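Trainee: Got input.cif for you, mmCIF, C-alpha atoms and all ligand atoms:
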data_data
loop_
_atom_site.group_PDB
_atom_site.id
_atom_site.type_symbol
_atom_site.label_atom_id
_atom_site.label_comp_id
_atom_site.auth_asym_id
_atom_site.auth_seq_id
_atom_site.Cartn_x
_atom_site.Cartn_y
_atom_site.Cartn_z
ATOM 1 C CA MET A 12 0.000 0.000 0.000
ATOM 2 C CA ASN A 13 1.694 3.238 -0.999
ATOM 3 C CA ASN A 14 1.290 6.736 0.395
ATOM 4 C CA LEU A 15 -0.642 7.976 -2.604
ATOM 5 C CA ILE A 16 -3.382 5.382 -2.036
ATOM 6 C CA LEU A 17 -3.533 6.330 1.651
ATOM 7 C CA GLU A 18 -3.797 9.989 0.716
ATOM 8 C CA ALA A 19 -6.557 9.303 -1.826
ATOM 9 C CA ALA A 20 -8.536 7.213 0.673
ATOM 10 C CA GLU A 21 -8.331 10.020 3.255
ATOM 11 C CA LEU A 22 -9.569 12.545 0.701
ATOM 12 C CA ILE A 23 -12.536 10.307 -0.164
ATOM 13 C CA LYS A 24 -13.365 9.669 3.501
ATOM 14 C CA ASN A 25 -13.331 13.359 4.410
ATOM 15 C CA SER A 26 -14.868 14.832 1.269
ATOM 16 C CA LYS A 27 -18.189 16.675 1.410
ATOM 17 C CA HIS A 28 -19.049 16.096 -2.224
ATOM 18 C CA THR A 29 -17.347 13.530 -4.437
ATOM 19 C CA THR A 30 -18.032 13.006 -8.121
ATOM 20 C CA ALA A 31 -16.602 10.213 -10.270
ATOM 21 C CA PHE A 32 -15.881 10.585 -13.978
ATOM 22 C CA THR A 33 -15.440 7.311 -15.836
ATOM 23 C CA GLY A 34 -14.261 6.286 -19.279
ATOM 24 C CA ALA A 35 -13.897 3.120 -21.305
ATOM 25 C CA GLY A 36 -10.994 1.940 -19.071
ATOM 26 C CA ILE A 37 -13.257 1.085 -16.140
ATOM 27 C CA SER A 38 -15.046 -1.516 -18.281
ATOM 28 C CA VAL A 39 -11.926 -3.101 -19.798
ATOM 29 C CA GLU A 40 -11.768 -5.708 -17.020
ATOM 30 C CA SER A 41 -15.413 -6.518 -17.725
ATOM 31 C CA GLY A 42 -14.283 -7.567 -21.187
ATOM 32 C CA ILE A 43 -15.178 -4.418 -23.162
ATOM 33 C CA PRO A 44 -12.128 -2.910 -24.904
ATOM 34 C CA PRO A 45 -11.829 0.840 -25.564
ATOM 35 C CA PHE A 46 -12.519 2.103 -29.082
ATOM 36 C CA ARG A 47 -8.954 3.086 -29.931
ATOM 37 C CA GLY A 48 -5.528 1.478 -29.416
ATOM 38 C CA LYS A 49 -4.018 -1.876 -30.390
ATOM 39 C CA ASN A 50 -6.884 -4.135 -29.304
ATOM 40 C CA GLY A 51 -9.513 -1.395 -29.498
ATOM 41 C CA LEU A 52 -12.919 -1.981 -31.071
ATOM 42 C CA TRP A 53 -11.946 0.146 -34.087
ATOM 43 C CA SER A 54 -9.099 -2.261 -34.886
ATOM 44 C CA LYS A 55 -11.806 -4.854 -35.689
ATOM 45 C CA TYR A 56 -14.777 -2.733 -36.768
ATOM 46 C CA ASP A 57 -15.210 0.274 -39.042
ATOM 47 C CA PRO A 58 -15.901 3.381 -36.888
ATOM 48 C CA ASN A 59 -18.217 4.614 -39.658
ATOM 49 C CA VAL A 60 -20.831 2.339 -38.160
ATOM 50 C CA LEU A 61 -21.475 5.308 -35.851
ATOM 51 C CA ASP A 62 -21.768 7.803 -38.713
ATOM 52 C CA LEU A 63 -25.291 9.252 -38.589
ATOM 53 C CA ASP A 64 -25.628 9.847 -42.352
ATOM 54 C CA ARG A 65 -24.685 6.239 -43.094
ATOM 55 C CA PHE A 66 -27.156 5.046 -40.479
ATOM 56 C CA TYR A 67 -29.957 6.977 -42.172
ATOM 57 C CA ALA A 68 -28.826 5.931 -45.652
ATOM 58 C CA ASN A 69 -28.775 2.207 -44.867
ATOM 59 C CA SER A 70 -29.918 1.452 -41.355
ATOM 60 C CA GLU A 71 -30.237 -2.278 -41.978
ATOM 61 C CA LYS A 72 -26.533 -2.558 -42.881
ATOM 62 C CA ALA A 73 -25.492 -0.330 -39.944
ATOM 63 C CA TRP A 74 -27.668 -2.316 -37.528
ATOM 64 C CA VAL A 75 -25.970 -5.638 -38.395
ATOM 65 C CA VAL A 76 -22.691 -4.276 -36.958
ATOM 66 C CA ILE A 77 -24.360 -2.266 -34.174
ATOM 67 C CA ARG A 78 -26.131 -5.420 -32.958
ATOM 68 C CA GLU A 79 -22.896 -7.394 -32.981
ATOM 69 C CA ILE A 80 -20.868 -4.807 -31.034
ATOM 70 C CA PHE A 81 -23.299 -3.077 -28.713
ATOM 71 C CA TYR A 82 -25.862 -5.808 -28.021
ATOM 72 C CA ASP A 83 -24.356 -9.285 -28.584
ATOM 73 C CA PHE A 84 -20.874 -8.377 -27.320
ATOM 74 C CA PHE A 85 -21.523 -5.572 -24.757
ATOM 75 C CA GLY A 86 -24.583 -7.503 -23.541
ATOM 76 C CA LYS A 87 -22.390 -10.298 -22.163
ATOM 77 C CA ALA A 88 -20.319 -7.968 -19.944
ATOM 78 C CA LYS A 89 -20.859 -7.848 -16.191
ATOM 79 C CA PRO A 90 -19.824 -5.098 -13.764
ATOM 80 C CA ASN A 91 -16.410 -5.556 -12.152
ATOM 81 C CA PHE A 92 -15.009 -4.635 -8.728
ATOM 82 C CA ALA A 93 -14.436 -1.004 -9.736
ATOM 83 C CA HIS A 94 -18.114 -0.521 -10.729
ATOM 84 C CA ASN A 95 -19.186 -2.222 -7.481
ATOM 85 C CA PHE A 96 -16.799 -0.119 -5.402
ATOM 86 C CA LEU A 97 -18.319 3.112 -6.757
ATOM 87 C CA ALA A 98 -21.799 1.785 -5.952
ATOM 88 C CA ARG A 99 -20.673 0.959 -2.413
ATOM 89 C CA LEU A 100 -19.186 4.438 -1.964
ATOM 90 C CA GLU A 101 -22.536 5.921 -3.017
ATOM 91 C CA GLU A 102 -24.468 3.643 -0.664
ATOM 92 C CA TYR A 103 -22.354 4.868 2.276
ATOM 93 C CA GLY A 104 -22.674 8.526 1.291
ATOM 94 C CA LYS A 105 -19.072 8.826 0.079
ATOM 95 C CA LEU A 106 -19.883 9.370 -3.594
ATOM 96 C CA HIS A 107 -22.588 11.665 -4.873
ATOM 97 C CA ALA A 108 -22.659 11.106 -8.615
ATOM 98 C CA ILE A 109 -21.013 9.314 -11.492
ATOM 99 C CA ILE A 110 -20.564 11.043 -14.829
ATOM 100 C CA THR A 111 -19.790 8.339 -17.344
ATOM 101 C CA GLN A 112 -18.727 8.473 -20.959
ATOM 102 C CA ASN A 113 -19.630 4.793 -21.197
ATOM 103 C CA ILE A 114 -22.778 3.519 -22.801
ATOM 104 C CA ASP A 115 -22.638 -0.002 -21.358
ATOM 105 C CA ASN A 116 -24.986 0.417 -18.347
ATOM 106 C CA LEU A 117 -22.447 -1.361 -16.098
ATOM 107 C CA HIS A 118 -22.564 1.301 -13.371
ATOM 108 C CA GLN A 119 -26.301 0.807 -12.937
ATOM 109 C CA GLU A 120 -25.919 -2.981 -13.101
ATOM 110 C CA GLY A 121 -23.244 -2.660 -10.427
ATOM 111 C CA GLY A 122 -25.710 -0.883 -8.125
ATOM 112 C CA SER A 123 -25.031 2.827 -8.718
ATOM 113 C CA LYS A 124 -28.095 5.072 -8.695
ATOM 114 C CA ASN A 125 -26.971 8.598 -9.498
ATOM 115 C CA VAL A 126 -25.386 8.075 -12.914
ATOM 116 C CA TYR A 127 -25.239 10.672 -15.690
ATOM 117 C CA GLU A 128 -24.612 9.115 -19.086
ATOM 118 C CA PHE A 129 -22.807 11.834 -20.975
ATOM 119 C CA HIS A 130 -22.906 9.951 -24.273
ATOM 120 C CA GLY A 131 -26.254 8.228 -23.750
ATOM 121 C CA THR A 132 -26.813 4.512 -23.358
ATOM 122 C CA ALA A 133 -27.104 1.275 -25.316
ATOM 123 C CA ASN A 134 -29.705 0.225 -22.774
ATOM 124 C CA ALA A 135 -32.440 2.165 -24.570
ATOM 125 C CA MET A 136 -33.462 2.890 -28.150
ATOM 126 C CA VAL A 137 -35.210 5.861 -29.648
ATOM 127 C CA CYS A 138 -37.467 6.119 -32.720
ATOM 128 C CA VAL A 139 -35.951 8.396 -35.362
ATOM 129 C CA LEU A 140 -39.470 9.548 -36.377
ATOM 130 C CA CYS A 141 -41.611 9.896 -33.253
ATOM 131 C CA ASP A 142 -38.898 10.037 -30.516
ATOM 132 C CA ASN A 143 -40.524 7.177 -28.610
ATOM 133 C CA LYS A 144 -38.013 5.653 -26.163
ATOM 134 C CA ILE A 145 -37.972 1.967 -25.340
ATOM 135 C CA LEU A 146 -35.721 -0.285 -23.239
ATOM 136 C CA SER A 147 -33.402 -2.286 -25.497
ATOM 137 C CA ASP A 148 -34.268 -5.619 -23.901
ATOM 138 C CA LYS A 149 -37.871 -5.123 -25.056
ATOM 139 C CA VAL A 150 -36.742 -4.919 -28.677
ATOM 140 C CA ASP A 151 -36.451 -7.991 -30.880
ATOM 141 C CA LEU A 152 -33.231 -7.691 -32.864
ATOM 142 C CA THR A 153 -33.854 -10.734 -35.039
ATOM 143 C CA ASN A 154 -35.178 -8.691 -37.940
ATOM 144 C CA LEU A 155 -33.155 -5.583 -38.741
ATOM 145 C CA PRO A 156 -33.569 -2.676 -38.603
ATOM 146 C CA PRO A 157 -35.860 -2.742 -35.564
ATOM 147 C CA GLN A 158 -39.097 -0.779 -36.036
ATOM 148 C CA CYS A 159 -40.761 1.532 -33.513
ATOM 149 C CA PRO A 160 -43.587 -0.412 -31.814
ATOM 150 C CA LYS A 161 -45.511 2.860 -31.227
ATOM 151 C CA CYS A 162 -45.667 4.678 -34.581
ATOM 152 C CA LYS A 163 -44.821 1.501 -36.541
ATOM 153 C CA LYS A 164 -43.116 3.635 -39.191
ATOM 154 C CA GLY A 165 -39.766 4.766 -37.790
ATOM 155 C CA VAL A 166 -36.539 2.866 -37.341
ATOM 156 C CA LEU A 167 -35.118 2.557 -33.816
ATOM 157 C CA LYS A 168 -31.650 3.932 -33.143
ATOM 158 C CA PRO A 169 -29.553 3.163 -30.032
ATOM 159 C CA ASP A 170 -29.995 5.948 -27.479
ATOM 160 C CA PHE A 171 -26.302 6.835 -27.472
ATOM 161 C CA ILE A 172 -24.743 9.569 -29.518
ATOM 162 C CA PHE A 173 -23.254 8.898 -32.930
ATOM 163 C CA PHE A 174 -20.349 10.981 -34.282
ATOM 164 C CA GLY A 175 -21.295 14.630 -34.499
ATOM 165 C CA GLU A 176 -24.421 14.397 -32.333
ATOM 166 C CA GLY A 177 -24.871 16.699 -29.339
ATOM 167 C CA ILE A 178 -24.626 15.638 -25.696
ATOM 168 C CA PRO A 179 -28.042 14.727 -24.209
ATOM 169 C CA GLU A 180 -29.190 17.981 -22.567
ATOM 170 C CA GLN A 181 -30.273 16.642 -19.185
ATOM 171 C CA ALA A 182 -27.109 14.580 -18.735
ATOM 172 C CA TYR A 183 -25.029 17.597 -19.753
ATOM 173 C CA MET A 184 -26.697 19.967 -17.268
ATOM 174 C CA ASN A 185 -26.516 17.450 -14.406
ATOM 175 C CA SER A 186 -22.898 16.615 -15.169
ATOM 176 C CA LEU A 187 -21.976 20.287 -15.029
ATOM 177 C CA LYS A 188 -23.731 20.664 -11.660
ATOM 178 C CA GLU A 189 -22.008 17.606 -10.205
ATOM 179 C CA THR A 190 -18.667 18.829 -11.517
ATOM 180 C CA GLU A 191 -19.127 22.260 -9.960
ATOM 181 C CA LYS A 192 -20.191 20.857 -6.578
ATOM 182 C CA ALA A 193 -17.312 18.396 -6.259
ATOM 183 C CA ASN A 194 -14.478 18.939 -3.836
ATOM 184 C CA VAL A 195 -13.072 15.541 -4.741
ATOM 185 C CA PHE A 196 -13.245 14.376 -8.367
ATOM 186 C CA ILE A 197 -12.190 10.810 -9.240
ATOM 187 C CA ILE A 198 -11.278 10.073 -12.871
ATOM 188 C CA ILE A 199 -11.158 6.383 -13.817
ATOM 189 C CA GLY A 200 -9.960 4.994 -17.163
ATOM 190 C CA SER A 201 -10.206 7.975 -19.486
ATOM 191 C CA THR A 202 -7.588 9.286 -21.925
ATOM 192 C CA GLY A 203 -9.185 12.727 -21.746
ATOM 193 C CA THR A 204 -9.322 13.140 -25.504
ATOM 194 C CA VAL A 205 -13.056 13.128 -26.195
ATOM 195 C CA MET A 206 -14.629 16.601 -26.315
ATOM 196 C CA PRO A 207 -16.559 18.076 -24.557
ATOM 197 C CA ALA A 208 -16.433 15.375 -21.831
ATOM 198 C CA CYS A 209 -12.731 16.012 -21.210
ATOM 199 C CA MET A 210 -13.528 19.597 -20.156
ATOM 200 C CA LEU A 211 -15.352 18.400 -17.027
ATOM 201 C CA PRO A 212 -12.276 17.346 -15.010
ATOM 202 C CA GLU A 213 -10.658 20.662 -15.980
ATOM 203 C CA LYS A 214 -13.690 22.503 -14.721
ATOM 204 C CA ALA A 215 -13.653 20.542 -11.454
ATOM 205 C CA LYS A 216 -9.998 21.451 -10.947
ATOM 206 C CA PHE A 217 -10.688 25.111 -11.740
ATOM 207 C CA ASN A 218 -13.416 25.056 -9.063
ATOM 208 C CA GLY A 219 -10.933 23.817 -6.478
ATOM 209 C CA ALA A 220 -11.619 20.052 -6.447
ATOM 210 C CA LYS A 221 -8.821 17.626 -5.635
ATOM 211 C CA ILE A 222 -8.346 15.345 -8.610
ATOM 212 C CA ILE A 223 -7.673 11.647 -8.038
ATOM 213 C CA GLU A 224 -6.950 9.672 -11.198
ATOM 214 C CA ILE A 225 -6.857 5.894 -11.739
ATOM 215 C CA ASN A 226 -5.421 4.611 -15.009
ATOM 216 C CA THR A 227 -3.010 1.955 -16.235
ATOM 217 C CA GLU A 228 -1.145 4.690 -18.137
ATOM 218 C CA PRO A 229 -0.773 8.452 -17.856
ATOM 219 C CA SER A 230 -3.518 10.353 -19.691
ATOM 220 C CA ASN A 231 -4.001 13.940 -20.838
ATOM 221 C CA PHE A 232 -5.001 14.744 -17.245
ATOM 222 C CA SER A 233 -2.112 13.062 -15.411
ATOM 223 C CA HIS A 234 0.540 15.732 -15.852
ATOM 224 C CA SER A 235 -1.803 18.708 -15.957
ATOM 225 C CA ILE A 236 -4.661 18.669 -13.449
ATOM 226 C CA THR A 237 -4.279 15.390 -11.516
ATOM 227 C CA ASP A 238 -3.277 15.743 -7.862
ATOM 228 C CA ILE A 239 -2.984 12.032 -7.070
ATOM 229 C CA PHE A 240 -2.243 9.626 -9.911
ATOM 230 C CA LEU A 241 -2.878 6.001 -8.973
ATOM 231 C CA GLN A 242 -1.317 3.903 -11.696
ATOM 232 C CA GLY A 243 -2.780 0.439 -12.164
ATOM 233 C CA LYS A 244 -5.850 -1.495 -13.220
ATOM 234 C CA ALA A 245 -9.116 -0.029 -11.990
ATOM 235 C CA THR A 246 -10.125 -3.183 -10.089
ATOM 236 C CA GLU A 247 -6.764 -3.487 -8.328
ATOM 237 C CA ILE A 248 -6.616 0.149 -7.238
ATOM 238 C CA CYS A 249 -10.274 0.105 -6.165
ATOM 239 C CA LYS A 250 -9.662 -3.007 -4.035
ATOM 240 C CA GLN A 251 -6.934 -1.157 -2.149
ATOM 241 C CA LEU A 252 -9.100 1.945 -1.748
ATOM 242 C CA ASP A 253 -12.037 -0.192 -0.599
ATOM 243 C CA GLU A 254 -9.948 -1.690 2.212
ATOM 244 C CA LEU A 255 -8.866 1.740 3.394
ATOM 245 C CA VAL A 256 -12.159 3.628 3.033
ATOM 246 C CA PHE A 257 -14.312 0.947 4.670
ATOM 247 C CA LYS A 258 -11.757 -0.150 7.272
ATOM 248 C CA VAL A 259 -13.354 -0.051 10.763
HETATM 249 P P1 LIG B 301 -10.477 5.876 -24.097
HETATM 250 O O1 LIG B 301 -10.824 4.676 -24.901
HETATM 251 O O2 LIG B 301 -10.020 7.077 -24.803
HETATM 252 O O3 LIG B 301 -9.374 5.501 -23.025
HETATM 253 C C1 LIG B 301 -9.420 4.396 -22.195
HETATM 254 C C2 LIG B 301 -8.475 4.662 -21.034
HETATM 255 O O4 LIG B 301 -8.581 3.579 -20.121
HETATM 256 C C3 LIG B 301 -6.997 4.751 -21.436
HETATM 257 O O5 LIG B 301 -6.452 5.908 -20.833
HETATM 258 C C4 LIG B 301 -6.378 3.482 -20.856
HETATM 259 O O6 LIG B 301 -5.036 3.672 -20.446
HETATM 260 C C5 LIG B 301 -7.292 3.234 -19.674
HETATM 261 N N1 LIG B 301 -7.366 1.832 -19.232
HETATM 262 C C6 LIG B 301 -7.319 0.705 -19.984
HETATM 263 N N2 LIG B 301 -7.484 -0.378 -19.210
HETATM 264 C C7 LIG B 301 -7.662 0.079 -17.948
HETATM 265 C C8 LIG B 301 -7.886 -0.557 -16.698
HETATM 266 N N3 LIG B 301 -7.977 -1.898 -16.580
HETATM 267 N N4 LIG B 301 -8.009 0.210 -15.590
HETATM 268 C C9 LIG B 301 -7.918 1.574 -15.685
HETATM 269 N N5 LIG B 301 -7.702 2.230 -16.837
HETATM 270 C C10 LIG B 301 -7.573 1.484 -17.951
HETATM 271 O O7 LIG B 301 -11.726 6.117 -23.188
HETATM 272 P P2 LIG B 301 -12.637 7.366 -23.018
HETATM 273 O O8 LIG B 301 -11.812 8.462 -22.454
HETATM 274 O O9 LIG B 301 -13.826 6.885 -22.320
HETATM 275 O O10 LIG B 301 -13.124 7.803 -24.499
HETATM 276 C C11 LIG B 301 -13.507 6.938 -25.492
HETATM 277 C C12 LIG B 301 -14.956 7.002 -25.940
HETATM 278 O O11 LIG B 301 -15.327 5.674 -26.211
HETATM 279 C C13 LIG B 301 -15.955 7.513 -24.966
HETATM 280 O O12 LIG B 301 -16.703 8.431 -25.649
HETATM 281 C C14 LIG B 301 -16.848 6.317 -24.609
HETATM 282 O O13 LIG B 301 -18.198 6.708 -24.724
HETATM 283 C C15 LIG B 301 -16.596 5.326 -25.693
HETATM 284 N N6 LIG B 301 -16.513 3.909 -25.318
HETATM 285 C C16 LIG B 301 -17.305 3.378 -24.358
HETATM 286 C C17 LIG B 301 -17.202 2.052 -24.039
HETATM 287 C C18 LIG B 301 -18.095 1.483 -22.979
HETATM 288 O O14 LIG B 301 -19.241 1.912 -22.856
HETATM 289 N N7 LIG B 301 -17.595 0.534 -22.197
HETATM 290 C C19 LIG B 301 -16.270 1.240 -24.680
HETATM 291 C C20 LIG B 301 -15.485 1.808 -25.679
HETATM 292 C C21 LIG B 301 -15.590 3.145 -25.983
#
How would this structure read if it were set down as structure tokens?
Ligand code: NAD
Mentor:
Amino acid sequence: MNNLILEAAELIKNSKHTTAFTGAGISVESGIPPFRGKNGLWSKYDPNVLDLDRFYANSEKAWVVIREIFYDFFGKAKPNFAHNFLARLEEYGKLHAIITQNIDNLHQEGGSKNVYEFHGTANAMVCVLCDNKILSDKVDLTNLPPQCPKCKKGVLKPDFIFFGEGIPEQAYMNSLKETEKANVFIIIGSTGTVMPACMLPEKAKFNGAKIIEINTEPSNFSHSITDIFLQGKATEICKQLDELVFKV
């Protein structure tokens, strides 16, 4: 156990308002790779699958790949110790919100309640014509593209943002509030390259929050705004923090 972990645990224990900010790295040990990098999803799939114009031009073709990545593959993943640790922190009043860039629903499956999905979620679908929203597990993906069960005319699209789409307004507003309120801000598994999400940790720092960062490698944040950089896998670092924060 090193001093940095001890210091981070003390900050979490004594903080009045703690917000977590998570990226693809927290779900890597659940079996979901990030998009980029050597074994990233884009090394196997064409990123254009998330191009909105292509989706509208041929939604059946786009849906074949979307189903494979975001429903067949993501659907098998289960929350890991890091997701569960954040849920436990919330349960004991030590974490107030999670802002996640992930669309995999693993925070909620791990027990977290106050989660703001900055890029939306694969757990729901929305009709491109009538805006009807429906839980993904209520949609039959045997025949593609899936049709809206309400208006029976529109195609359903996953309720996460494709390239070039705006951030969902409610999630954006709530994320800003939780960023501004934080006096401790925990970043887990994010390179800090995706705009505008990567501005949130900067904003937290500007507002005086202490920044704790967990990542296997230094990120854009590590040498700029991070106060305590905990290098390692999210589950391993969270296990050490769990022992210290919940120690009686
Ligand atoms: P990113 O892909 O840019 O970076 C992932 C980060 O996680 C890297 O810094 C890497 O060093 C770190 N990492 C890898 N394994 C780790 C581990 N075991 N423990 C801790 N850290 C680890 O991630 P990003 O910043 O979230 O941005 C990518 C975009 O991709 C986001 O918009 C996100 O919505 C999307 N995405 C989401 C999922 C998901 O929902 N699980 C998966 C892939 C991509």
Trainee: How many Å separate atom CA of A:Asp62 from atom N7 of ligand LIG 301 (chain B)?
Mentor: 18.5 Å
Trainee: Suppose you want the space between atom CA of A:Ser235 and atom CA of A:Lys24; what is it in Å?
Mentor: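 Between atom CA of A:Ser235 and atom CA of A:Lys24 the gap works out to 24.4 Å.
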Trainee: Excluding A:Pro44 and any residue of its chain fewer than 6 positions from it, enumerate the residues within 12 Å of it, using only C-alpha atoms, and give them as a list in words.
Mentor: Gly34, Ala35, Gly36, Ile37, Ser38, Asn50, Gly51, Leu52, Trp53, Ser54, Lys55, Ile80, Phe81, Phe84, Phe85, Ala88, Asn113, Asp115 and Gly200 of chain A
Trainee: Could the residues in this selection be written to a file with C-alpha atoms, as a PDB file, keeping the file's coordinate frame?
Mentor:
ATOM      1  CA  GLY A  34     -14.261   6.286 -19.279  1.00  0.00           C
ATOM      2  CA  ALA A  35     -13.897   3.120 -21.305  1.00  0.00           C
ATOM      3  CA  GLY A  36     -10.994   1.940 -19.071  1.00  0.00           C
ATOM      4  CA  ILE A  37     -13.257   1.085 -16.140  1.00  0.00           C
ATOM      5  CA  SER A  38     -15.046  -1.516 -18.281  1.00  0.00           C
ATOM      6  CA  ASN A  50      -6.884  -4.135 -29.304  1.00  0.00           C
ATOM      7  CA  GLY A  51      -9.513  -1.395 -29.498  1.00  0.00           C
ATOM      8  CA  LEU A  52     -12.919  -1.981 -31.071  1.00  0.00           C
ATOM      9  CA  TRP A  53     -11.946   0.146 -34.087  1.00  0.00           C
ATOM     10  CA  SER A  54      -9.099  -2.261 -34.886  1.00  0.00           C
ATOM     11  CA  LYS A  55     -11.806  -4.854 -35.689  1.00  0.00           C
ATOM     12  CA  ILE A  80     -20.868  -4.807 -31.034  1.00  0.00           C
ATOM     13  CA  PHE A  81     -23.299  -3.077 -28.713  1.00  0.00           C
ATOM     14  CA  PHE A  84     -20.874  -8.377 -27.320  1.00  0.00           C
ATOM     15  CA  PHE A  85     -21.523  -5.572 -24.757  1.00  0.00           C
ATOM     16  CA  ALA A  88     -20.319  -7.968 -19.944  1.00  0.00           C
ATOM     17  CA  ASN A 113     -19.630   4.793 -21.197  1.00  0.00           C
ATOM     18  CA  ASP A 115     -22.638  -0.002 -21.358  1.00  0.00           C
ATOM     19  CA  GLY A 200      -9.960   4.994 -17.163  1.00  0.00           C
TER      20      GLY A 200
END
Trainee: With only C-alpha atoms as the atoms that count, which of A:Glu102, A:Asp64, A:Glu191, A:Glu120 lies nearest to A:Phe257?
Mentor: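 Answer, going by the shortest atom-to-atom distance: A:Glu102.
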Trainee: What do you get as an mmCIF file with C-alpha atoms, keeping the file's coordinate frame if you pick all residues at most 9 Å from ligand LIG 301 (chain B), counting all atoms listed in the file?
Mentor:
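So the final result, stored in part-v6.cif, reads:
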data_model
loop_
_atom_site.group_PDB
_atom_site.id
_atom_site.type_symbol
_atom_site.label_atom_id
_atom_site.label_comp_id
_atom_site.auth_asym_id
_atom_site.auth_seq_id
_atom_site.Cartn_x
_atom_site.Cartn_y
_atom_site.Cartn_z
ATOM 1 C CA THR A 33 -15.440 7.311 -15.836
ATOM 2 C CA GLY A 34 -14.261 6.286 -19.279
ATOM 3 C CA ALA A 35 -13.897 3.120 -21.305
ATOM 4 C CA GLY A 36 -10.994 1.940 -19.071
ATOM 5 C CA ILE A 37 -13.257 1.085 -16.140
ATOM 6 C CA SER A 38 -15.046 -1.516 -18.281
ATOM 7 C CA VAL A 39 -11.926 -3.101 -19.798
ATOM 8 C CA GLU A 40 -11.768 -5.708 -17.020
ATOM 9 C CA SER A 41 -15.413 -6.518 -17.725
ATOM 10 C CA GLY A 42 -14.283 -7.567 -21.187
ATOM 11 C CA ILE A 43 -15.178 -4.418 -23.162
ATOM 12 C CA PRO A 44 -12.128 -2.910 -24.904
ATOM 13 C CA PRO A 45 -11.829 0.840 -25.564
ATOM 14 C CA PHE A 46 -12.519 2.103 -29.082
ATOM 15 C CA ARG A 47 -8.954 3.086 -29.931
ATOM 16 C CA GLY A 48 -5.528 1.478 -29.416
ATOM 17 C CA GLY A 51 -9.513 -1.395 -29.498
ATOM 18 C CA LEU A 52 -12.919 -1.981 -31.071
ATOM 19 C CA PHE A 81 -23.299 -3.077 -28.713
ATOM 20 C CA PHE A 85 -21.523 -5.572 -24.757
ATOM 21 C CA ALA A 93 -14.436 -1.004 -9.736
ATOM 22 C CA THR A 111 -19.790 8.339 -17.344
ATOM 23 C CA GLN A 112 -18.727 8.473 -20.959
ATOM 24 C CA ASN A 113 -19.630 4.793 -21.197
ATOM 25 C CA ILE A 114 -22.778 3.519 -22.801
ATOM 26 C CA ASP A 115 -22.638 -0.002 -21.358
ATOM 27 C CA ASN A 116 -24.986 0.417 -18.347
ATOM 28 C CA LEU A 117 -22.447 -1.361 -16.098
ATOM 29 C CA GLU A 128 -24.612 9.115 -19.086
ATOM 30 C CA PHE A 129 -22.807 11.834 -20.975
ATOM 31 C CA HIS A 130 -22.906 9.951 -24.273
ATOM 32 C CA GLY A 131 -26.254 8.228 -23.750
ATOM 33 C CA THR A 132 -26.813 4.512 -23.358
ATOM 34 C CA ALA A 133 -27.104 1.275 -25.316
ATOM 35 C CA PHE A 171 -26.302 6.835 -27.472
ATOM 36 C CA ILE A 172 -24.743 9.569 -29.518
ATOM 37 C CA ILE A 199 -11.158 6.383 -13.817
ATOM 38 C CA GLY A 200 -9.960 4.994 -17.163
ATOM 39 C CA SER A 201 -10.206 7.975 -19.486
ATOM 40 C CA THR A 202 -7.588 9.286 -21.925
ATOM 41 C CA GLY A 203 -9.185 12.727 -21.746
ATOM 42 C CA THR A 204 -9.322 13.140 -25.504
ATOM 43 C CA VAL A 205 -13.056 13.128 -26.195
ATOM 44 C CA MET A 206 -14.629 16.601 -26.315
ATOM 45 C CA ALA A 208 -16.433 15.375 -21.831
ATOM 46 C CA CYS A 209 -12.731 16.012 -21.210
ATOM 47 C CA ILE A 225 -6.857 5.894 -11.739
ATOM 48 C CA ASN A 226 -5.421 4.611 -15.009
ATOM 49 C CA THR A 227 -3.010 1.955 -16.235
ATOM 50 C CA GLU A 228 -1.145 4.690 -18.137
ATOM 51 C CA PRO A 229 -0.773 8.452 -17.856
ATOM 52 C CA SER A 230 -3.518 10.353 -19.691
ATOM 53 C CA ASN A 231 -4.001 13.940 -20.838
ATOM 54 C CA GLN A 242 -1.317 3.903 -11.696
ATOM 55 C CA GLY A 243 -2.780 0.439 -12.164
ATOM 56 C CA LYS A 244 -5.850 -1.495 -13.220
ATOM 57 C CA ALA A 245 -9.116 -0.029 -11.990
ATOM 58 C CA THR A 246 -10.125 -3.183 -10.089
ATOM 59 C CA GLU A 247 -6.764 -3.487 -8.328
ATOM 60 C CA ILE A 248 -6.616 0.149 -7.238
#
